[in-house]
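entry-v2.pdb (PDB, C-alpha atoms and all ligand atoms)
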```pdb
ATOM      1  CA  MET A1386      14.520 -21.844 -44.661  1.00  0.00           C
ATOM      2  CA  SER A1387      13.619 -24.921 -42.609  1.00  0.00           C
ATOM      3  CA  SER A1388      11.274 -24.470 -39.715  1.00  0.00           C
ATOM      4  CA  LYS A1389      14.119 -25.259 -37.340  1.00  0.00           C
ATOM      5  CA  LYS A1390      16.165 -22.399 -38.752  1.00  0.00           C
ATOM      6  CA  ILE A1391      13.194 -20.050 -38.497  1.00  0.00           C
ATOM      7  CA  LEU A1392      12.791 -20.989 -34.845  1.00  0.00           C
ATOM      8  CA  GLN A1393      16.482 -20.429 -34.188  1.00  0.00           C
ATOM      9  CA  PHE A1394      16.193 -17.085 -35.893  1.00  0.00           C
ATOM     10  CA  ILE A1395      13.265 -16.044 -33.706  1.00  0.00           C
ATOM     11  CA  ALA A1396      14.889 -17.398 -30.533  1.00  0.00           C
ATOM     12  CA  ARG A1397      17.860 -15.108 -30.979  1.00  0.00           C
ATOM     13  CA  PHE A1398      15.567 -12.118 -30.660  1.00  0.00           C
ATOM     14  CA  ALA A1399      13.312 -13.455 -27.929  1.00  0.00           C
ATOM     15  CA  ILE A1400      15.454 -12.452 -24.951  1.00  0.00           C
ATOM     16  CA  PRO A1401      16.194  -8.888 -26.123  1.00  0.00           C
ATOM     17  CA  ILE A1402      12.488  -8.429 -26.915  1.00  0.00           C
ATOM     18  CA  ILE A1403      11.459  -9.655 -23.466  1.00  0.00           C
ATOM     19  CA  ILE A1404      13.987  -7.301 -21.875  1.00  0.00           C
ATOM     20  CA  ILE A1405      12.711  -4.373 -23.943  1.00  0.00           C
ATOM     21  CA  LEU A1406       9.080  -5.121 -23.002  1.00  0.00           C
ATOM     22  CA  PHE A1407      10.089  -5.410 -19.356  1.00  0.00           C
ATOM     23  CA  ILE A1408      11.858  -2.058 -19.358  1.00  0.00           C
ATOM     24  CA  TYR A1409       8.985  -0.474 -21.243  1.00  0.00           C
ATOM     25  CA  ASN A1410       6.554  -1.825 -18.656  1.00  0.00           C
ATOM     26  CA  ILE A1411       8.544  -0.376 -15.740  1.00  0.00           C
ATOM     27  CA  TYR A1412       8.862   2.882 -17.630  1.00  0.00           C
ATOM     28  CA  SER A1413       5.141   3.210 -18.331  1.00  0.00           C
ATOM     29  CA  HIS A1414       3.725   1.969 -15.005  1.00  0.00           C
ATOM     30  CA  GLY A1415       6.345   3.009 -12.474  1.00  0.00           C
ATOM     31  CA  THR A1416       6.689  -0.652 -11.559  1.00  0.00           C
ATOM     32  CA  ILE A1417       5.160  -3.854 -12.892  1.00  0.00           C
ATOM     33  CA  ILE A1418       2.570  -3.858 -10.142  1.00  0.00           C
ATOM     34  CA  HIS A1419       3.249  -1.932  -6.978  1.00  0.00           C
ATOM     35  CA  PRO A1420       4.082  -4.495  -4.240  1.00  0.00           C
ATOM     36  CA  GLY A1421       2.139  -2.332  -1.782  1.00  0.00           C
ATOM     37  CA  LYS A1422      -0.920  -2.643  -3.974  1.00  0.00           C
ATOM     38  CA  ALA A1423      -0.945  -6.440  -3.758  1.00  0.00           C
ATOM     39  CA  LEU A1424      -0.520  -6.264  -0.001  1.00  0.00           C
ATOM     40  CA  PHE A1425      -3.265  -3.692   0.356  1.00  0.00           C
ATOM     41  CA  LYS A1426      -5.615  -5.842  -1.648  1.00  0.00           C
ATOM     42  CA  ALA A1427      -4.831  -8.921   0.440  1.00  0.00           C
ATOM     43  CA  GLN A1428      -4.761  -7.397   3.921  1.00  0.00           C
ATOM     44  CA  CYS A1429      -6.510  -4.030   4.008  1.00  0.00           C
ATOM     45  CA  SER A1430      -9.136  -3.832   1.294  1.00  0.00           C
ATOM     46  CA  GLN A1431     -11.631  -6.143   3.042  1.00  0.00           C
ATOM     47  CA  CYS A1432     -12.165  -3.312   5.536  1.00  0.00           C
ATOM     48  CA  HIS A1433     -11.038  -0.140   3.806  1.00  0.00           C
ATOM     49  CA  GLY A1434     -12.325  -1.069   0.347  1.00  0.00           C
ATOM     50  CA  GLU A1435     -10.343  -1.613  -2.859  1.00  0.00           C
ATOM     51  CA  ASP A1436     -10.489   2.107  -3.570  1.00  0.00           C
ATOM     52  CA  GLY A1437      -9.950   3.124   0.050  1.00  0.00           C
ATOM     53  CA  GLU A1438     -13.553   4.235   0.413  1.00  0.00           C
ATOM     54  CA  GLY A1439     -14.085   2.668   3.882  1.00  0.00           C
ATOM     55  CA  ILE A1440     -17.340   1.208   5.224  1.00  0.00           C
ATOM     56  CA  LYS A1441     -19.952   3.742   6.288  1.00  0.00           C
ATOM     57  CA  ALA A1442     -19.611   4.614   9.999  1.00  0.00           C
ATOM     58  CA  LEU A1443     -17.479   1.559  10.760  1.00  0.00           C
ATOM     59  CA  VAL A1444     -14.223   1.880   8.838  1.00  0.00           C
ATOM     60  CA  PRO A1445     -12.786   5.276   7.888  1.00  0.00           C
ATOM     61  CA  PRO A1446     -11.898   6.015   4.273  1.00  0.00           C
ATOM     62  CA  LEU A1447      -8.263   6.231   3.249  1.00  0.00           C
ATOM     63  CA  GLN A1448      -9.090   8.153   0.090  1.00  0.00           C
ATOM     64  CA  ASN A1449      -7.749  11.692   0.747  1.00  0.00           C
ATOM     65  CA  SER A1450      -7.654  10.962   4.481  1.00  0.00           C
ATOM     66  CA  ASP A1451      -6.690  14.213   6.204  1.00  0.00           C
ATOM     67  CA  TYR A1452      -6.083  12.256   9.408  1.00  0.00           C
ATOM     68  CA  ALA A1453      -3.589   9.842   7.865  1.00  0.00           C
ATOM     69  CA  LEU A1454      -1.773  12.625   6.059  1.00  0.00           C
ATOM     70  CA  ARG A1455      -1.445  14.679   9.252  1.00  0.00           C
ATOM     71  CA  ASN A1456      -0.185  11.659  11.192  1.00  0.00           C
ATOM     72  CA  LEU A1457       1.932   9.979   8.560  1.00  0.00           C
ATOM     73  CA  ASP A1458       4.698   9.313  11.087  1.00  0.00           C
ATOM     74  CA  SER A1459       2.272   7.243  13.181  1.00  0.00           C
ATOM     75  CA  ILE A1460       1.112   4.919  10.412  1.00  0.00           C
ATOM     76  CA  PRO A1461       3.899   2.345  10.992  1.00  0.00           C
ATOM     77  CA  CYS A1462       2.750   2.053  14.639  1.00  0.00           C
ATOM     78  CA  TRP A1463      -0.929   1.826  13.677  1.00  0.00           C
ATOM     79  CA  LEU A1464      -0.173  -1.038  11.336  1.00  0.00           C
ATOM     80  CA  LYS A1465       2.039  -2.880  13.815  1.00  0.00           C
ATOM     81  CA  PHE A1466      -0.025  -2.413  16.976  1.00  0.00           C
ATOM     82  CA  GLY A1467      -3.476  -1.538  15.712  1.00  0.00           C
ATOM     83  CA  ILE A1468      -5.563   1.527  16.634  1.00  0.00           C
ATOM     84  CA  ASN A1469      -7.462   1.703  19.889  1.00  0.00           C
ATOM     85  CA  HIS A1470      -8.547   5.307  20.051  1.00  0.00           C
ATOM     86  CA  PRO A1471     -11.119   7.321  18.121  1.00  0.00           C
ATOM     87  CA  VAL A1472      -9.964   8.838  14.850  1.00  0.00           C
ATOM     88  CA  ILE A1473     -11.520  11.747  12.960  1.00  0.00           C
ATOM     89  CA  VAL A1474     -11.463  11.500   9.176  1.00  0.00           C
ATOM     90  CA  HIS A1475     -13.232  14.148   7.067  1.00  0.00           C
ATOM     91  CA  ASP A1476     -14.956  15.509  10.216  1.00  0.00           C
ATOM     92  CA  THR A1477     -16.452  12.106  11.080  1.00  0.00           C
ATOM     93  CA  VAL A1478     -15.518  10.268  14.267  1.00  0.00           C
ATOM     94  CA  TYR A1479     -14.710   6.555  13.930  1.00  0.00           C
ATOM     95  CA  ASP A1480     -14.232   4.367  16.964  1.00  0.00           C
ATOM     96  CA  GLN A1481     -13.877   0.718  16.070  1.00  0.00           C
ATOM     97  CA  PRO A1482     -10.628  -1.065  16.829  1.00  0.00           C
ATOM     98  CA  MET A1483      -8.196  -1.733  14.004  1.00  0.00           C
ATOM     99  CA  TYR A1484      -6.266  -4.915  14.726  1.00  0.00           C
ATOM    100  CA  PRO A1485      -2.496  -5.237  14.352  1.00  0.00           C
ATOM    101  CA  SER A1486      -1.233  -6.461  10.958  1.00  0.00           C
ATOM    102  CA  GLU A1487       1.502  -9.048  10.780  1.00  0.00           C
ATOM    103  CA  ILE A1488       3.667  -7.294   8.218  1.00  0.00           C
ATOM    104  CA  ASP A1489       7.390  -6.605   8.281  1.00  0.00           C
ATOM    105  CA  GLU A1490       9.144  -3.279   7.696  1.00  0.00           C
ATOM    106  CA  VAL A1491       9.488  -3.842   3.944  1.00  0.00           C
ATOM    107  CA  GLN A1492       5.786  -4.607   3.530  1.00  0.00           C
ATOM    108  CA  THR A1493       4.884  -1.681   5.779  1.00  0.00           C
ATOM    109  CA  ALA A1494       6.973   0.731   3.696  1.00  0.00           C
ATOM    110  CA  ASN A1495       5.457  -0.683   0.500  1.00  0.00           C
ATOM    111  CA  VAL A1496       1.872  -0.299   1.644  1.00  0.00           C
ATOM    112  CA  ILE A1497       2.518   3.228   2.951  1.00  0.00           C
ATOM    113  CA  ASN A1498       4.070   4.204  -0.387  1.00  0.00           C
ATOM    114  CA  PHE A1499       1.062   2.726  -2.155  1.00  0.00           C
ATOM    115  CA  MET A1500      -1.330   4.749   0.032  1.00  0.00           C
ATOM    116  CA  ASN A1501       0.734   7.925  -0.362  1.00  0.00           C
ATOM    117  CA  ARG A1502       0.431   7.657  -4.090  1.00  0.00           C
ATOM    118  CA  GLU A1503      -3.066   6.241  -4.548  1.00  0.00           C
ATOM    119  CA  PHE A1504      -5.013   7.709  -1.649  1.00  0.00           C
ATOM    120  CA  PHE A1505      -3.230  10.610   0.008  1.00  0.00           C
ATOM    121  CA  LYS A1506      -1.886  12.094  -3.234  1.00  0.00           C
ATOM    122  CA  TYR A1507       1.262  12.799  -1.281  1.00  0.00           C
ATOM    123  CA  ASP A1508       4.522  12.756  -3.178  1.00  0.00           C
ATOM    124  CA  ARG A1509       6.749  10.990  -0.695  1.00  0.00           C
ATOM    125  CA  GLU A1510       8.553   7.651  -0.627  1.00  0.00           C
ATOM    126  CA  VAL A1511       9.353   6.023   2.690  1.00  0.00           C
ATOM    127  CA  ASN A1512      11.748   3.100   3.189  1.00  0.00           C
ATOM    128  CA  PRO A1513      12.068   0.179   5.647  1.00  0.00           C
ATOM    129  CA  GLU A1514      14.675   2.060   7.742  1.00  0.00           C
ATOM    130  CA  TRP A1515      12.198   4.878   8.269  1.00  0.00           C
ATOM    131  CA  VAL A1516       9.561   2.337   9.350  1.00  0.00           C
ATOM    132  CA  LYS A1517      11.968   0.757  11.870  1.00  0.00           C
ATOM    133  CA  GLU A1518      12.857   4.178  13.232  1.00  0.00           C
ATOM    134  CA  LYS A1519       9.154   4.968  13.791  1.00  0.00           C
ATOM    135  CA  TRP A1520       8.554   1.595  15.452  1.00  0.00           C
ATOM    136  CA  LYS A1521      11.058   2.567  18.181  1.00  0.00           C
ATOM    137  CA  ASN A1522       8.744   5.335  19.359  1.00  0.00           C
ATOM    138  CA  CYS A1523       5.321   3.674  19.302  1.00  0.00           C
ATOM    139  CA  LYS A1524       3.194   4.592  22.289  1.00  0.00           C
TER
HETATM  140  C1  LIG B1601     -10.568  -5.500  10.297  1.00  0.00           C
HETATM  141  C2  LIG B1601     -10.711  -4.285   9.528  1.00  0.00           C
HETATM  142  C3  LIG B1601      -9.447  -3.510   9.136  1.00  0.00           C
HETATM  143  C4  LIG B1601      -8.352  -3.965   8.455  1.00  0.00           C
HETATM  144  C5  LIG B1601      -8.089  -5.361   7.918  1.00  0.00           C
HETATM  145  C6  LIG B1601      -7.478  -2.818   8.291  1.00  0.00           C
HETATM  146  N1  LIG B1601      -8.017  -1.708   8.874  1.00  0.00           N
HETATM  147 FE1  LIG B1601      -7.229   0.167   8.925  1.00  0.00          FE
HETATM  148  N2  LIG B1601      -8.717   0.797  10.117  1.00  0.00           N
HETATM  149  C7  LIG B1601      -9.811   0.033  10.518  1.00  0.00           C
HETATM  150  C8  LIG B1601     -10.614   0.803  11.455  1.00  0.00           C
HETATM  151  C9  LIG B1601     -11.893   0.330  12.115  1.00  0.00           C
HETATM  152  C10 LIG B1601      -9.971   2.036  11.610  1.00  0.00           C
HETATM  153  C11 LIG B1601     -10.391   3.189  12.536  1.00  0.00           C
HETATM  154  C12 LIG B1601      -9.861   2.939  13.937  1.00  0.00           C
HETATM  155  C13 LIG B1601     -10.582   3.744  14.986  1.00  0.00           C
HETATM  156  O1  LIG B1601     -11.667   4.217  14.712  1.00  0.00           O
HETATM  157  O2  LIG B1601     -10.038   3.842  16.102  1.00  0.00           O
HETATM  158  C14 LIG B1601      -8.801   2.011  10.748  1.00  0.00           C
HETATM  159  C15 LIG B1601      -7.930   3.075  10.567  1.00  0.00           C
HETATM  160  C16 LIG B1601      -6.897   3.114   9.646  1.00  0.00           C
HETATM  161  C17 LIG B1601      -6.105   4.291   9.329  1.00  0.00           C
HETATM  162  C18 LIG B1601      -6.238   5.686   9.934  1.00  0.00           C
HETATM  163  C19 LIG B1601      -7.564   6.333   9.602  1.00  0.00           C
HETATM  164  C20 LIG B1601      -7.700   6.795   8.169  1.00  0.00           C
HETATM  165  O3  LIG B1601      -8.723   6.483   7.527  1.00  0.00           O
HETATM  166  O4  LIG B1601      -6.800   7.473   7.660  1.00  0.00           O
HETATM  167  C21 LIG B1601      -5.194   3.914   8.379  1.00  0.00           C
HETATM  168  C22 LIG B1601      -4.160   4.792   7.689  1.00  0.00           C
HETATM  169  C23 LIG B1601      -5.409   2.502   8.131  1.00  0.00           C
HETATM  170  N3  LIG B1601      -6.435   2.060   8.920  1.00  0.00           N
HETATM  171  C24 LIG B1601      -4.652   1.729   7.250  1.00  0.00           C
HETATM  172  C25 LIG B1601      -4.790   0.347   7.107  1.00  0.00           C
HETATM  173  C26 LIG B1601      -3.899  -0.486   6.309  1.00  0.00           C
HETATM  174  C27 LIG B1601      -2.721   0.032   5.487  1.00  0.00           C
HETATM  175  C28 LIG B1601      -4.334  -1.763   6.455  1.00  0.00           C
HETATM  176  C29 LIG B1601      -3.722  -3.028   5.874  1.00  0.00           C
HETATM  177  C30 LIG B1601      -2.335  -3.329   6.243  1.00  0.00           C
HETATM  178  C31 LIG B1601      -5.508  -1.749   7.311  1.00  0.00           C
HETATM  179  N4  LIG B1601      -5.734  -0.457   7.692  1.00  0.00           N
HETATM  180  C32 LIG B1601      -6.247  -2.869   7.637  1.00  0.00           C
HETATM  181  C33 LIG B1601     -10.096  -1.251  10.097  1.00  0.00           C
HETATM  182  C34 LIG B1601      -9.223  -2.088   9.418  1.00  0.00           C
END
```

Structure encoded using structure tokens:
Amino acid sequence: MSSKKILQFIARFAIPIIIILFIYNIYSHGTIIHPGKALFKAQCSQCHGEDGEGIKALVPPLQNSDYALRNLDSIPCWLKFGINHPVIVHDTVYDQPMYPSEIDEVQTANVINFMNREFFKYDREVNPEWVKEKWKNCK
């Protein structure tokens, strides 16, 4: 076989193999990389920490946050408008402002789903419509 023929032979299988690897990847990881994870890393981790551990008395942890879990319906408003009131996480009071994030409803849903899974260990998926619904009632 000439090298050209060998290449043609391999090329015929390349696309199905890529598709199989792609499907396998989704199957084994849930998604390739959770879009909420990338957003969290870029826009939240500088304060809350890559593992959601927070910063001492300044920034509350997200890891197993009882406060966030109890107030899940308020998270879209917190992200859009910031937080300007004390919060109590794991019996500790935090009172530094959190500034508004400039993220749309899709990004907000993604980052909430990421936190639900990674930090709150809460088996729930929210979607952009839910986020928009919550935004209507922000105080
Ligand atoms: C500039 C630092 C900063 C950034 C960036 C930031 N936060 Fe916060 N976050 C805070 C602070 C400070 C509080 C506590 C507010 C208070 O004490 O009133 C807080 C509180 C929270 C809470 C509620 C308290 C808890 O621990 O459960 C959640 C949930 C949260 N942030 C999520 C996010 C997400 C998601 C992002 C990224 C889109 C983000 N934050 C970006 C500083 C930040």

Could the residues of stretch 1446-1518 of chain A that have an atom at most 8 Å from stretch 1422-1437 of chain A be listed as a tab-separated table, each with its closest atom pair and the distance in Å to one decimal, counting all atoms listed in the file and ordered by chain and ascending residue number?
```
residue	atom	partner	partner_atom	distance
A:Pro1446	CA	A:Gly1437	CA	5.5
A:Leu1447	CA	A:Gly1437	CA	4.8
A:Gln1448	CA	A:Gly1437	CA	5.1
A:Ser1486	CA	A:Gln1428	CA	7.9
A:Gln1492	CA	A:Leu1424	CA	7.4
A:Val1496	CA	A:Phe1425	CA	6.3
A:Phe1499	CA	A:Lys1422	CA	6.0
A:Phe1504	CA	A:Gly1437	CA	6.9
```

Could you save those same residues with C-alpha atoms as a PDB file, in the coordinates of the input?
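out-v2.pdb was written with the following content:
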```pdb
ATOM      1  CA  PRO A1446     -11.898   6.015   4.273  1.00  0.00           C
ATOM      2  CA  LEU A1447      -8.263   6.231   3.249  1.00  0.00           C
ATOM      3  CA  GLN A1448      -9.090   8.153   0.090  1.00  0.00           C
ATOM      4  CA  SER A1486      -1.233  -6.461  10.958  1.00  0.00           C
ATOM      5  CA  GLN A1492       5.786  -4.607   3.530  1.00  0.00           C
ATOM      6  CA  VAL A1496       1.872  -0.299   1.644  1.00  0.00           C
ATOM      7  CA  PHE A1499       1.062   2.726  -2.155  1.00  0.00           C
ATOM      8  CA  PHE A1504      -5.013   7.709  -1.649  1.00  0.00           C
TER       9      PHE A1504
END
```

Got a sec: who's within 8 Å of A:Gln1481, counting all atoms listed in the file, leaving out chain neighbours fewer than 5 positions off, as an mmCIF file with C-alpha atoms, in the frame of the given file?
```
data_model
loop_
_atom_site.group_PDB
_atom_site.id
_atom_site.type_symbol
_atom_site.label_atom_id
_atom_site.label_comp_id
_atom_site.auth_asym_id
_atom_site.auth_seq_id
_atom_site.Cartn_x
_atom_site.Cartn_y
_atom_site.Cartn_z
ATOM 1 C CA LEU A 1443 -17.479 1.559 10.760
ATOM 2 C CA VAL A 1444 -14.223 1.880 8.838
ATOM 3 C CA ASN A 1469 -7.462 1.703 19.889
ATOM 4 C CA PRO A 1471 -11.119 7.321 18.121
#
```

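Among the candidates A:Val1511, A:Ala1453, A:Ala1494, A:Cys1523, the residue lying nearest to A:Phe1466 is A:Cys1523 (atoms considered: all atoms listed in the file).
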
Have a look at atom CA of A:Thr1477 and atom CA of A:Trp1520 and let me know their distance in Å, one decimal. 27.5 Å

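Interatomic distance, atom CA of A:Glu1503 to atom CA of A:Tyr1412: 18.0 Å.
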
Output of stretch 1483-1524 of chain A limited to C-alpha atoms, as an mmCIF file, in the first residue's frame:
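Saved as result32.cif:
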```cif
data_model
loop_
_atom_site.group_PDB
_atom_site.id
_atom_site.type_symbol
_atom_site.label_atom_id
_atom_site.label_comp_id
_atom_site.auth_asym_id
_atom_site.auth_seq_id
_atom_site.Cartn_x
_atom_site.Cartn_y
_atom_site.Cartn_z
ATOM 1 C CA MET A 1483 -20.777 41.628 46.877
ATOM 2 C CA TYR A 1484 -20.884 43.627 43.657
ATOM 3 C CA PRO A 1485 -23.284 42.911 40.798
ATOM 4 C CA SER A 1486 -22.013 40.543 38.079
ATOM 5 C CA GLU A 1487 -22.594 41.352 34.444
ATOM 6 C CA ILE A 1488 -23.884 37.955 33.386
ATOM 7 C CA ASP A 1489 -26.969 37.071 31.375
ATOM 8 C CA GLU A 1490 -29.673 34.546 32.263
ATOM 9 C CA VAL A 1491 -27.909 31.668 30.497
ATOM 10 C CA GLN A 1492 -24.640 32.297 32.335
ATOM 11 C CA THR A 1493 -26.516 32.751 35.608
ATOM 12 C CA ALA A 1494 -28.308 29.413 35.193
ATOM 13 C CA ASN A 1495 -25.014 27.736 34.271
ATOM 14 C CA VAL A 1496 -23.134 29.033 37.286
ATOM 15 C CA ILE A 1497 -26.007 28.145 39.636
ATOM 16 C CA ASN A 1498 -26.098 24.610 38.225
ATOM 17 C CA PHE A 1499 -22.345 24.383 38.700
ATOM 18 C CA MET A 1500 -22.649 25.494 42.343
ATOM 19 C CA ASN A 1501 -25.590 23.161 42.981
ATOM 20 C CA ARG A 1502 -23.519 20.244 41.856
ATOM 21 C CA GLU A 1503 -20.045 21.151 43.103
ATOM 22 C CA PHE A 1504 -20.716 23.082 46.293
ATOM 23 C CA PHE A 1505 -24.256 22.646 47.565
ATOM 24 C CA LYS A 1506 -24.499 18.951 46.667
ATOM 25 C CA TYR A 1507 -28.043 19.720 45.633
ATOM 26 C CA ASP A 1508 -29.515 17.665 42.834
ATOM 27 C CA ARG A 1509 -31.371 20.333 40.914
ATOM 28 C CA GLU A 1510 -31.004 21.890 37.472
ATOM 29 C CA VAL A 1511 -32.279 25.396 36.858
ATOM 30 C CA ASN A 1512 -32.752 27.001 33.433
ATOM 31 C CA PRO A 1513 -32.621 30.553 32.005
ATOM 32 C CA GLU A 1514 -36.439 30.898 32.171
ATOM 33 C CA TRP A 1515 -36.324 30.216 35.897
ATOM 34 C CA VAL A 1516 -33.608 32.872 36.283
ATOM 35 C CA LYS A 1517 -35.707 35.442 34.379
ATOM 36 C CA GLU A 1518 -38.728 34.621 36.512
ATOM 37 C CA LYS A 1519 -36.701 35.233 39.700
ATOM 38 C CA TRP A 1520 -35.304 38.502 38.337
ATOM 39 C CA LYS A 1521 -38.874 39.875 38.155
ATOM 40 C CA ASN A 1522 -39.152 39.737 41.938
ATOM 41 C CA CYS A 1523 -35.791 41.097 43.094
ATOM 42 C CA LYS A 1524 -36.091 43.421 46.061
#
```
